[in-house]
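Visitor: First the structure, then my questions, so here it is.
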Amino acid sequence: KFQTRFNKDDIKLTSGLVIGATIPAFIVGWIAADLFNITPYLGTANNPIAMKIVIAISIAITSIPVISKIFNDLGIMHTRFAKIVVACAG
């Protein structure tokens with residue numbers, strides 16, 4: 001269950017976390033693709049930009065199912081903390 005109601009403080013915190021964590025991780029992934037020879041992995045489309053996007057996104061995203069399972073197991077899924085973390089991951 002993804003909660004969609006956020007108060008003003010939660011929106012500010014979530015936005016700050018997304019900007020401060022996801023975007024820099026995406027940039028690191030983008031740069032990392034330049035540091036390694038990705039040509040053997042391009043596939044039939046032979047599109048290096050698409051491969052760089054896939055690498056950058058894979059570094060920037062967080063596993064929502066794993067986070068949700070951990071929070072459920074700990075019994076904290078309905079806390080403010082869990083709501084913010086899952087919103088950032090989403």
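Naming scheme: A, B, ... for chains in displayed order of the structure tokens; residues 1 onward per chain; ligands 1 onward as shown.
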Got a sec: who's within 6 Å of stretch 31-39 of chain A, counting only C-alpha atoms, leaving out chain neighbours fewer than 3 positions off, as a list of chain:residue names?
Guide: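 The filter keeps A:Val28, A:Leu42, A:Lys52.
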Visitor: Determine which residues of stretch 6-65 of chain A receive a DSSP assignment of alpha helix (DSSP H), computed from the backbone, and state them as a PyMOL selection string.
Guide: chain A and resi 8-17+23-35+48-60+64-65
Visitor: Could you give me, as a list in words, the residues within 12 Å of A:Val18, counting only C-alpha atoms and dropping anything in the same chain fewer than 6 positions from it?
Guide: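 So the residues in contact are Ile11, Lys12, Pro24, Ala25, Phe26, Ala60, Ile61, Thr62, Ile84, Val85, Val86, Ala87, Cys88, Ala89 and Gly90 of chain A.
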Visitor: Record the distance separating atom CA of A:Lys8 and atom CA of A:Met77, expressed in Å with one decimal.
Guide: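 According to the coordinates, atom CA of A:Lys8 and atom CA of A:Met77 are separated by 20.1 Å.
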